[in-house]
file upload-v9.txt (compact mmCIF, C-alpha atoms and all ligand atoms)
# COMPACT_ATOMS: atom_id res chain seq x y z
CA MET A 9 15.06 13.83 27.90
CA PHE A 10 11.63 15.08 29.00
CA PRO A 11 10.82 17.92 29.64
CA VAL A 12 13.49 19.29 27.29
CA THR A 13 12.33 16.89 24.63
CA ARG A 14 8.66 16.81 23.86
CA MET A 15 7.79 14.58 20.92
CA ARG A 16 4.41 16.26 20.61
CA ARG A 17 5.94 19.60 19.52
CA LEU A 18 6.23 18.46 15.92
CA ARG A 19 2.82 16.82 15.99
CA MET A 20 0.80 19.86 17.03
CA LYS A 21 0.13 21.61 13.70
CA GLU A 22 -0.93 20.09 10.39
CA PRO A 23 1.53 22.02 8.18
CA ILE A 24 4.42 21.08 10.47
CA ARG A 25 3.32 17.46 10.39
CA ARG A 26 3.44 17.63 6.60
CA MET A 27 6.91 19.22 6.71
CA VAL A 28 8.40 16.42 8.77
CA GLU A 29 6.65 13.48 7.13
CA GLU A 30 9.17 10.82 6.19
CA THR A 31 7.23 9.05 3.46
CA LYS A 32 5.39 10.75 0.63
CA LEU A 33 3.09 9.03 -1.80
CA ALA A 34 2.91 10.36 -5.35
CA ALA A 35 0.80 9.47 -8.36
CA ALA A 36 4.02 8.49 -10.16
CA ASP A 37 4.51 5.66 -7.64
CA PHE A 38 1.48 3.83 -8.96
CA ILE A 39 0.97 1.26 -11.68
CA TYR A 40 -2.68 0.62 -12.51
CA PRO A 41 -3.76 -2.95 -13.40
CA MET A 42 -6.37 -3.18 -16.15
CA PHE A 43 -8.36 -6.09 -17.59
CA VAL A 44 -8.99 -6.13 -21.31
CA VAL A 45 -11.51 -8.13 -23.36
CA PHE A 46 -12.24 -8.45 -27.08
CA GLY A 47 -15.07 -6.56 -28.72
CA ALA A 48 -16.42 -3.04 -28.55
CA ASP A 49 -18.33 -1.04 -25.95
CA LYS A 50 -17.82 -3.63 -23.22
CA LYS A 51 -17.53 -2.51 -19.64
CA GLU A 52 -18.31 -5.29 -17.17
CA GLU A 53 -17.81 -4.61 -13.50
CA ILE A 54 -16.05 -7.35 -11.55
CA PRO A 55 -18.48 -8.26 -8.77
CA ALA A 56 -15.90 -8.60 -5.99
CA MET A 57 -13.99 -5.50 -7.13
CA PRO A 58 -16.34 -2.52 -7.25
CA GLY A 59 -14.98 0.16 -9.58
CA ILE A 60 -12.83 -2.30 -11.56
CA PHE A 61 -14.02 -3.41 -14.98
CA ARG A 62 -13.24 -5.76 -17.81
CA LEU A 63 -12.92 -3.30 -20.68
CA SER A 64 -12.94 -3.60 -24.43
CA THR A 65 -10.15 -1.66 -26.11
CA ASP A 66 -12.25 1.48 -26.79
CA HIS A 67 -13.13 1.82 -23.11
CA LEU A 68 -9.64 0.79 -22.08
CA VAL A 69 -8.14 3.70 -24.02
CA ARG A 70 -10.60 6.18 -22.49
CA GLU A 71 -10.02 4.92 -18.97
CA ALA A 72 -6.24 4.94 -19.49
CA GLU A 73 -6.46 8.55 -20.69
CA ARG A 74 -8.28 9.49 -17.50
CA VAL A 75 -5.70 7.67 -15.39
CA ARG A 76 -2.83 9.32 -17.25
CA ARG A 77 -4.32 12.77 -16.60
CA LEU A 78 -4.25 11.97 -12.88
CA GLY A 79 -0.46 11.72 -13.09
CA ILE A 80 -0.21 7.94 -13.19
CA LYS A 81 2.58 6.94 -15.56
CA ALA A 82 1.97 3.25 -16.09
CA VAL A 83 -0.64 0.54 -16.48
CA ILE A 84 -0.23 -3.23 -16.43
CA LEU A 85 -2.49 -5.22 -18.73
CA PHE A 86 -4.21 -8.55 -18.19
CA GLY A 87 -6.02 -10.17 -21.09
CA ILE A 88 -9.18 -12.22 -21.03
CA PRO A 89 -9.28 -14.12 -24.32
CA GLU A 90 -12.29 -15.56 -26.13
CA ILE A 91 -10.74 -18.96 -26.60
CA LYS A 92 -8.72 -20.91 -24.06
CA ASP A 93 -6.89 -24.14 -24.83
CA GLU A 94 -4.37 -26.57 -23.33
CA MET A 95 -1.39 -24.59 -24.59
CA GLY A 96 -2.73 -21.10 -23.91
CA SER A 97 -2.13 -20.30 -27.57
CA SER A 98 -4.24 -17.13 -27.66
CA GLY A 99 -1.71 -15.67 -25.23
CA TYR A 100 1.10 -15.56 -27.78
CA ASP A 101 -0.98 -14.64 -30.81
CA ASP A 102 0.23 -11.41 -32.46
CA ASP A 103 -3.42 -10.49 -32.81
CA GLY A 104 -4.39 -11.48 -29.26
CA VAL A 105 -6.43 -9.38 -26.88
CA VAL A 106 -3.45 -7.85 -25.04
CA GLN A 107 -1.39 -7.36 -28.20
CA ARG A 108 -4.26 -5.38 -29.77
CA ALA A 109 -4.79 -3.38 -26.60
CA VAL A 110 -1.10 -2.48 -26.44
CA ARG A 111 -1.19 -1.17 -30.01
CA ALA A 112 -4.28 0.92 -29.29
CA LEU A 113 -2.87 2.38 -26.07
CA LYS A 114 0.49 3.26 -27.64
CA GLU A 115 -1.27 4.87 -30.60
CA HIS A 116 -3.57 7.05 -28.49
CA ILE A 117 -1.41 7.70 -25.42
CA PRO A 118 2.23 7.43 -26.54
CA ASP A 119 3.65 8.62 -23.22
CA LEU A 120 1.76 6.05 -21.14
CA VAL A 121 4.07 3.28 -19.95
CA VAL A 122 2.36 0.07 -21.03
CA ILE A 123 3.46 -2.99 -19.08
CA THR A 124 2.13 -6.46 -19.86
CA ASP A 125 1.66 -9.38 -17.51
CA VAL A 126 3.25 -12.47 -18.97
CA CYS A 127 1.59 -15.68 -17.80
CA LEU A 128 -0.42 -18.47 -19.38
CA CYS A 129 -3.11 -18.90 -16.71
CA GLU A 130 -5.59 -16.53 -18.33
CA TYR A 131 -5.23 -18.40 -21.63
CA THR A 132 -5.22 -22.08 -20.66
CA ASN A 133 -8.48 -24.04 -20.38
CA HIS A 134 -7.22 -25.62 -17.14
CA GLY A 135 -6.29 -22.27 -15.60
CA HIS A 136 -2.70 -23.23 -14.89
CA CYS A 137 0.29 -20.99 -15.54
CA GLY A 138 1.93 -23.43 -17.92
CA ILE A 139 1.71 -26.63 -19.91
CA VAL A 140 0.44 -29.53 -17.84
CA ALA A 141 1.75 -33.07 -18.31
CA ASP A 142 0.72 -35.88 -15.97
CA GLY A 143 -0.79 -33.39 -13.56
CA THR A 144 2.32 -31.23 -13.20
CA ILE A 145 3.29 -27.97 -14.82
CA VAL A 146 6.35 -28.63 -16.91
CA ASN A 147 8.90 -25.87 -16.53
CA ASP A 148 11.09 -25.65 -19.62
CA PRO A 149 8.44 -26.00 -22.36
CA THR A 150 6.36 -23.43 -20.47
CA VAL A 151 9.29 -21.00 -20.43
CA GLU A 152 9.47 -21.27 -24.23
CA LEU A 153 5.83 -20.25 -24.57
CA LEU A 154 6.17 -17.42 -22.06
CA THR A 155 9.14 -16.14 -24.02
CA ARG A 156 7.07 -16.18 -27.21
CA MET A 157 4.31 -14.33 -25.38
CA ALA A 158 6.68 -11.63 -24.12
CA LEU A 159 8.00 -11.14 -27.66
CA THR A 160 4.50 -10.65 -29.10
CA HIS A 161 3.78 -8.04 -26.40
CA VAL A 162 6.96 -6.11 -27.13
CA ARG A 163 6.50 -6.33 -30.90
CA ALA A 164 3.07 -4.79 -30.35
CA GLY A 165 4.77 -1.90 -28.56
CA ALA A 166 4.80 -2.82 -24.86
CA ASP A 167 7.27 -0.68 -22.89
CA MET A 168 7.99 -3.35 -20.29
CA VAL A 169 7.11 -7.00 -19.65
CA ALA A 170 6.30 -8.55 -16.30
CA PRO A 171 6.49 -12.35 -16.08
CA SER A 172 4.18 -13.56 -13.29
CA ASP A 173 4.27 -17.31 -13.86
CA MET A 174 7.10 -18.19 -11.42
CA MET A 175 8.72 -20.76 -13.73
CA ASP A 176 12.47 -21.15 -13.26
CA GLY A 177 14.64 -19.45 -15.84
CA ARG A 178 11.95 -17.34 -17.45
CA VAL A 179 13.62 -14.00 -16.85
CA GLY A 180 16.84 -15.11 -18.53
CA SER A 181 15.00 -16.68 -21.42
CA ILE A 182 12.89 -13.57 -22.05
CA ARG A 183 15.96 -11.32 -21.74
CA ARG A 184 17.89 -13.35 -24.35
CA ALA A 185 14.94 -13.42 -26.75
CA LEU A 186 14.34 -9.69 -26.43
CA ASP A 187 18.01 -8.94 -26.98
CA GLU A 188 18.18 -11.20 -30.03
CA GLU A 189 15.33 -9.27 -31.63
CA GLY A 190 16.99 -5.96 -30.86
CA PHE A 191 14.76 -5.03 -27.91
CA VAL A 192 17.79 -4.49 -25.71
CA ASP A 193 16.26 -1.46 -24.00
CA ILE A 194 12.95 -3.03 -22.94
CA PRO A 195 13.04 -3.69 -19.19
CA ILE A 196 11.73 -6.75 -17.39
CA MET A 197 9.82 -6.34 -14.16
CA SER A 198 9.95 -9.76 -12.58
CA TYR A 199 7.27 -11.05 -10.22
CA THR A 200 10.13 -12.25 -8.04
CA ALA A 201 8.64 -13.05 -4.65
CA LYS A 202 5.17 -14.09 -5.69
CA TYR A 203 3.56 -16.07 -2.95
CA ALA A 204 0.91 -18.80 -3.23
CA SER A 205 -1.76 -16.60 -1.70
CA GLY A 206 -5.43 -16.60 -0.87
CA PHE A 207 -5.49 -12.90 -1.71
CA TYR A 208 -5.71 -13.59 -5.49
CA GLY A 209 -9.31 -14.86 -5.28
CA PRO A 210 -11.13 -11.91 -6.88
CA PHE A 211 -8.52 -11.64 -9.68
CA ARG A 212 -9.00 -15.25 -10.66
CA GLU A 213 -12.72 -14.67 -10.84
CA ALA A 214 -12.10 -11.57 -12.97
CA ALA A 215 -9.71 -13.37 -15.33
CA GLY A 216 -11.50 -16.71 -15.27
CA SER A 217 -8.22 -18.31 -14.22
CA VAL A 218 -9.22 -20.46 -11.24
CA PRO A 219 -7.21 -23.68 -11.65
CA ALA A 220 -9.49 -26.53 -12.77
CA PHE A 221 -7.56 -28.89 -10.48
CA GLY A 222 -4.75 -28.56 -7.94
CA ASP A 223 -3.23 -25.22 -7.00
CA ARG A 224 -0.17 -23.03 -7.67
CA ARG A 225 2.00 -24.22 -4.81
CA SER A 226 4.44 -26.08 -7.07
CA HIS A 227 5.74 -22.76 -8.45
CA GLN A 228 4.57 -19.82 -6.32
CA MET A 229 6.41 -19.19 -3.06
CA ASP A 230 5.41 -20.69 0.24
CA PRO A 231 4.12 -17.98 2.64
CA PRO A 232 6.36 -18.97 5.60
CA ASN A 233 9.54 -18.28 3.64
CA VAL A 234 11.51 -15.06 3.38
CA ARG A 235 15.14 -16.14 2.87
CA GLU A 236 13.90 -17.96 -0.21
CA ALA A 237 12.68 -14.61 -1.56
CA LEU A 238 16.26 -13.31 -1.35
CA ARG A 239 17.58 -16.34 -3.27
CA GLN A 240 14.89 -15.86 -5.88
CA ALA A 241 15.71 -12.16 -6.15
CA ALA A 242 19.42 -12.94 -6.59
CA ALA A 243 18.56 -15.40 -9.36
CA ASP A 244 16.26 -12.94 -11.13
CA VAL A 245 18.83 -10.15 -10.95
CA GLU A 246 21.47 -12.45 -12.38
CA GLU A 247 19.12 -13.39 -15.23
CA GLY A 248 18.55 -9.73 -16.09
CA ALA A 249 15.54 -8.46 -14.14
CA ASP A 250 15.41 -4.65 -14.02
CA ILE A 251 12.71 -4.31 -11.37
CA ILE A 252 11.84 -6.94 -8.78
CA MET A 253 8.41 -7.37 -7.31
CA VAL A 254 6.93 -8.65 -4.08
CA LYS A 255 3.33 -9.90 -4.20
CA PRO A 256 0.95 -9.66 -2.37
CA ALA A 257 1.95 -6.50 -0.51
CA LEU A 258 0.05 -6.03 2.72
CA ALA A 259 0.75 -9.42 4.31
CA TYR A 260 4.37 -9.36 3.06
CA LEU A 261 5.69 -5.97 4.16
CA ASP A 262 8.60 -7.72 5.90
CA VAL A 263 9.59 -9.26 2.57
CA ILE A 264 9.46 -5.86 0.85
CA SER A 265 11.59 -4.36 3.60
CA LEU A 266 14.21 -7.09 3.49
CA VAL A 267 14.44 -7.14 -0.31
CA ARG A 268 14.80 -3.31 -0.20
CA ASP A 269 17.69 -3.71 2.25
CA ARG A 270 19.56 -6.29 0.21
CA PHE A 271 19.05 -5.11 -3.37
CA ASP A 272 19.61 -1.82 -5.12
CA LEU A 273 17.13 -2.33 -7.96
CA PRO A 274 13.77 -0.60 -7.93
CA ILE A 275 11.29 -2.66 -5.89
CA ALA A 276 7.67 -2.98 -6.91
CA ALA A 277 4.93 -4.28 -4.63
CA TYR A 278 1.63 -5.63 -5.91
CA SER A 279 -1.29 -4.81 -3.67
CA VAL A 280 -3.51 -7.55 -5.07
CA SER A 281 -7.21 -8.02 -5.71
CA GLY A 282 -8.04 -9.46 -2.28
CA GLU A 283 -6.46 -6.47 -0.57
CA TYR A 284 -8.68 -4.17 -2.64
CA SER A 285 -11.84 -6.22 -2.12
CA MET A 286 -11.42 -6.38 1.65
CA VAL A 287 -11.19 -2.61 1.98
CA LYS A 288 -14.12 -2.04 -0.41
CA ALA A 289 -16.33 -4.58 1.38
CA ALA A 290 -15.60 -3.27 4.87
CA ALA A 291 -16.09 0.34 3.73
CA LYS A 292 -19.40 -0.52 2.06
CA ASN A 293 -20.59 -1.96 5.36
CA GLY A 294 -19.58 1.23 7.12
CA TRP A 295 -17.06 -0.68 9.24
CA ILE A 296 -14.03 1.34 8.20
CA ASP A 297 -13.36 4.67 6.50
CA GLY A 298 -12.39 3.26 3.10
CA GLU A 299 -10.42 6.26 1.81
CA ARG A 300 -8.46 6.62 5.00
CA VAL A 301 -7.59 2.91 5.19
CA MET A 302 -6.66 2.87 1.50
CA MET A 303 -4.17 5.72 1.95
CA GLU A 304 -2.77 4.15 5.11
CA ILE A 305 -2.18 0.83 3.34
CA LEU A 306 -0.52 2.47 0.34
CA LEU A 307 1.67 4.53 2.64
CA ALA A 308 2.68 1.40 4.58
CA ILE A 309 3.71 -0.32 1.36
CA LYS A 310 5.86 2.64 0.38
CA ARG A 311 7.28 3.04 3.90
CA SER A 312 8.28 -0.62 3.93
CA GLY A 313 10.53 0.07 0.94
CA ALA A 314 8.55 -0.23 -2.28
CA ASP A 315 9.39 2.30 -5.01
CA LEU A 316 6.41 1.31 -7.13
CA ILE A 317 2.96 0.16 -6.07
CA ILE A 318 0.75 -1.82 -8.38
CA SER A 319 -2.75 -1.16 -7.10
CA TYR A 320 -6.39 -1.11 -8.16
CA PHE A 321 -6.64 1.93 -5.88
CA ALA A 322 -4.26 3.94 -8.09
CA PRO A 323 -6.77 6.38 -9.67
CA GLU A 324 -8.69 6.94 -6.43
CA ALA A 325 -5.50 7.52 -4.48
CA ALA A 326 -4.09 9.81 -7.17
CA GLU A 327 -7.25 11.94 -7.00
CA ILE A 328 -6.85 12.31 -3.25
CA LEU A 329 -3.16 13.20 -3.61
CA ALA A 330 -4.03 15.84 -6.22
CA ARG A 331 -6.50 17.42 -3.77
CA GLN A 332 -3.88 17.43 -1.01
CA THR A 333 -1.12 19.20 -2.93
CA SER A 334 -2.25 22.75 -2.21
C1 LIG A 401 -1.04 -14.52 -12.95
C2 LIG A 401 -1.37 -13.41 -12.04
C3 LIG A 401 -2.22 -13.46 -10.94
C4 LIG A 401 -2.25 -12.16 -10.42
C5 LIG A 401 -1.44 -11.37 -11.22
N1 LIG A 401 -0.89 -12.17 -12.22
C6 LIG A 401 -3.04 -14.54 -10.40
C7 LIG A 401 -2.48 -15.79 -9.89
O1 LIG A 401 -1.27 -15.97 -9.75
O2 LIG A 401 -3.31 -16.66 -9.64
C8 LIG A 401 -3.03 -11.75 -9.23
C9 LIG A 401 -3.33 -10.31 -9.12
C10 LIG A 401 -4.36 -9.96 -8.11
O3 LIG A 401 -4.85 -10.80 -7.33
O4 LIG A 401 -4.71 -8.78 -8.10
N2 LIG A 401 -1.25 -14.18 -14.28

call {"tool": "encode", "arguments": {"input": "upload-v9.txt", "output": "structure tokens"}}
result
Amino acid sequence: MFPVTRMRRLRMKEPIRRMVEETKLAAADFIYPMFVVFGADKKEEIPAMPGIFRLSTDHLVREAERVRRLGIKAVILFGIPEIKDEMGSSGYDDDGVVQRAVRALKEHIPDLVVITDVCLCEYTNHGHCGIVADGTIVNDPTVELLTRMALTHVRAGADMVAPSDMMDGRVGSIRRALDEEGFVDIPIMSYTAKYASGFYGPFREAAGSVPAFGDRRSHQMDPPNVREALRQAAADVEEGADIIMVKPALAYLDVISLVRDRFDLPIAAYSVSGEYSMVKAAAKNGWIDGERVMMEILLAIKRSGADLIISYFAPEAAEILARQTS
């Protein structure tokens, strides 16, 4: 009781504040998303995401080397193919854009953890995450293609696959296929609680994956629901997921916290493109201190229970953390 207790005692001096801090961010918490295109010497900035580029493999390797030197252990790759068709066939081509990028990254930076996003939306001409029949995305045939895609990524050397399509049964199907080919030790990070969100806008522009008609509400989760995320997590765990993800992060911290409480697997949170763009835009206008808000958001995601944070801020944040550790 006051005056015996004074909460301000531990807040008075910076080094003491650092000693009693309950949550610590580290570069190893981050996974950096990267966009890869065919060709050479290509580096196209994504207009709504300043500092984030579509990179050809040569630039991708260089940028990944820089990121690795900052202490970041993992990247997640998104491919932008040259040709898109109804079936998203360039997505499960052994010589596809991601498959080539994986080979190059593993050759040049063997200790970098290369994760691949597994979804058809970047590869279909209609921008949907699966095969469309009569205006709906058909689940089971889509799962077959996603499974093929995951196999091509792992054959190319991917260290982990991350299905982001939200079809039912995809985790189990990918697990079985990987095991059958002897890839028993390759983990699956499942986009478990992936919500139908307005925060993906800049990503879809970057990947050219805006749906030509309709939306993703028939498979991504409905924002009002949180118990459903627990059911989905239970299903994914049963099917063999090794890491479960909540996405987006900032508007779903309650979901991260609850999933953390109920499950003992590592939890990843994806701080998505819209979260990045908002901070960058407001900072550019001088309305917020961008660095400070970035660190506060990342800290909040970790404090809510995420072990891993997928974020476009990863290199910037890692640089700040490196400066602080003296
Ligand atoms: C689907 C996928 C999306 C994102 C990651 N994987 C887009 C979507 O579901 O429409 C979004 C990531 C972001 O917004 O940063 N392949």

call {"tool": "closest_residue", "arguments": {"input": "upload-v9.txt", "among": "A:Glu247, A:Met175, A:Val121, A:Gly143", "to": "Ile194 of chain A", "atoms": "only C-alpha atoms"}}
result
A:Val121

call {"tool": "residues_near_ligand", "arguments": {"input": "upload-v9.txt", "ligand": "ligand LIG 401 (chain A)", "cutoff": "7 Å", "atoms": "only C-alpha atoms and all ligand atoms", "output": "VMD selection string"}}
result
chain A and resid 125 to 130 172 to 173 207 to 212 217 279 to 282

call {"tool": "atom_distance", "arguments": {"input": "upload-v9.txt", "atom1": "atom CA of Asp176 of chain A", "atom2": "atom CA of Val105 of chain A"}}
result
26.1 Å

call {"tool": "atom_distance", "arguments": {"input": "upload-v9.txt", "atom1": "atom CA of Gly216 of chain A", "atom2": "atom CA of Met42 of chain A"}}
result
14.5 Å

call {"tool": "closest_atom_pairs", "arguments": {"input": "upload-v9.txt", "of": "segment 302-333 of chain A", "to": "segment 64-85 of chain A", "cutoff": "7 Å", "atoms": "all atoms listed in the file", "output": "tab-separated table"}}
result
residue	atom	partner	partner_atom	distance
A:Pro323	CA	A:Val75	CA	6.0
A:Ala326	CA	A:Leu78	CA	6.1
A:Glu327	CA	A:Leu78	CA	6.6

call {"tool": "closest_residue", "arguments": {"input": "upload-v9.txt", "among": "A:Gly180, A:Pro41, A:Gly96, A:Gly138", "to": "Val122 of chain A", "atoms": "all atoms listed in the file"}}
result
A:Pro41

call {"tool": "atom_distance", "arguments": {"input": "upload-v9.txt", "atom1": "atom CA of Asp37 of chain A", "atom2": "atom CA of Ala170 of chain A"}}
result
16.7 Å

call {"tool": "residues_around", "arguments": {"input": "upload-v9.txt", "residues": "His161 of chain A", "least_positions_apart": "4", "cutoff": "9 Å", "atoms": "all atoms listed in the file", "output": "number ranges by chain"}}
result
A: 100, 102, 106-107, 110, 123-124, 126, 156-157, 165-169

call {"tool": "residues_near_point", "arguments": {"input": "upload-v9.txt", "point": "(13.9, -14.5, -9.9)", "cutoff": "8 Å", "atoms": "all atoms listed in the file", "output": "PyMOL selection string"}}
result
chain A and resi 174+176-177+179+198-201+239-245+247+249+252

call {"tool": "closest_residue", "arguments": {"input": "upload-v9.txt", "among": "A:Ala164, A:Ile117, A:Val140, A:Val263", "to": "Tyr203 of chain A", "atoms": "only C-alpha atoms"}}
result
A:Val263

call {"tool": "residues_near_point", "arguments": {"input": "upload-v9.txt", "point": "(-5.6, -26.3, -9.6)", "cutoff": "12 Å", "atoms": "all atoms listed in the file", "output": "list of chain:residue names"}}
result
A:Cys129, A:Thr132, A:Asn133, A:His134, A:Gly135, A:His136, A:Cys137, A:Gly138, A:Val140, A:Gly143, A:Thr144, A:Ile145, A:Ala204, A:Arg212, A:Ser217, A:Val218, A:Pro219, A:Ala220, A:Phe221, A:Gly222, A:Asp223, A:Arg224, A:Arg225, A:Ser226, A:His227

call {"tool": "write_last_selection", "arguments": {"input": "upload-v9.txt", "atoms": "C-alpha atoms", "output": "compact mmCIF listing (two decimals), keeping the file's coordinate frame"}}
result
# COMPACT_ATOMS: atom_id res chain seq x y z
CA CYS A 129 -3.11 -18.90 -16.71
CA THR A 132 -5.22 -22.08 -20.66
CA ASN A 133 -8.48 -24.04 -20.38
CA HIS A 134 -7.22 -25.62 -17.14
CA GLY A 135 -6.29 -22.27 -15.60
CA HIS A 136 -2.70 -23.23 -14.89
CA CYS A 137 0.29 -20.99 -15.54
CA GLY A 138 1.93 -23.43 -17.92
CA VAL A 140 0.44 -29.53 -17.84
CA GLY A 143 -0.79 -33.39 -13.56
CA THR A 144 2.32 -31.23 -13.20
CA ILE A 145 3.29 -27.97 -14.82
CA ALA A 204 0.91 -18.80 -3.23
CA ARG A 212 -9.00 -15.25 -10.66
CA SER A 217 -8.22 -18.31 -14.22
CA VAL A 218 -9.22 -20.46 -11.24
CA PRO A 219 -7.21 -23.68 -11.65
CA ALA A 220 -9.49 -26.53 -12.77
CA PHE A 221 -7.56 -28.89 -10.48
CA GLY A 222 -4.75 -28.56 -7.94
CA ASP A 223 -3.23 -25.22 -7.00
CA ARG A 224 -0.17 -23.03 -7.67
CA ARG A 225 2.00 -24.22 -4.81
CA SER A 226 4.44 -26.08 -7.07
CA HIS A 227 5.74 -22.76 -8.45

call {"tool": "residues_around", "arguments": {"input": "upload-v9.txt", "residues": "Tyr278 of chain A", "least_positions_apart": "2", "cutoff": "8 Å", "atoms": "only C-alpha atoms", "output": "ChimeraX atom specification"}}
result
/A:253-257,276,280,317-319

call {"tool": "closest_residue", "arguments": {"input": "upload-v9.txt", "among": "A:Gly87, A:Pro11, A:Pro149, A:Gly248", "to": "Arg183 of chain A", "atoms": "only C-alpha atoms"}}
result
A:Gly248

call {"tool": "closest_residue", "arguments": {"input": "upload-v9.txt", "among": "A:Ala34, A:Met95, A:Lys114, A:Tyr320", "to": "Glu152 of chain A", "atoms": "only C-alpha atoms"}}
result
A:Met95

call {"tool": "closest_residue", "arguments": {"input": "upload-v9.txt", "among": "A:Arg300, A:Lys92, A:Lys32, A:Lys288", "to": "Gly313 of chain A", "atoms": "all atoms listed in the file"}}
result
A:Lys32
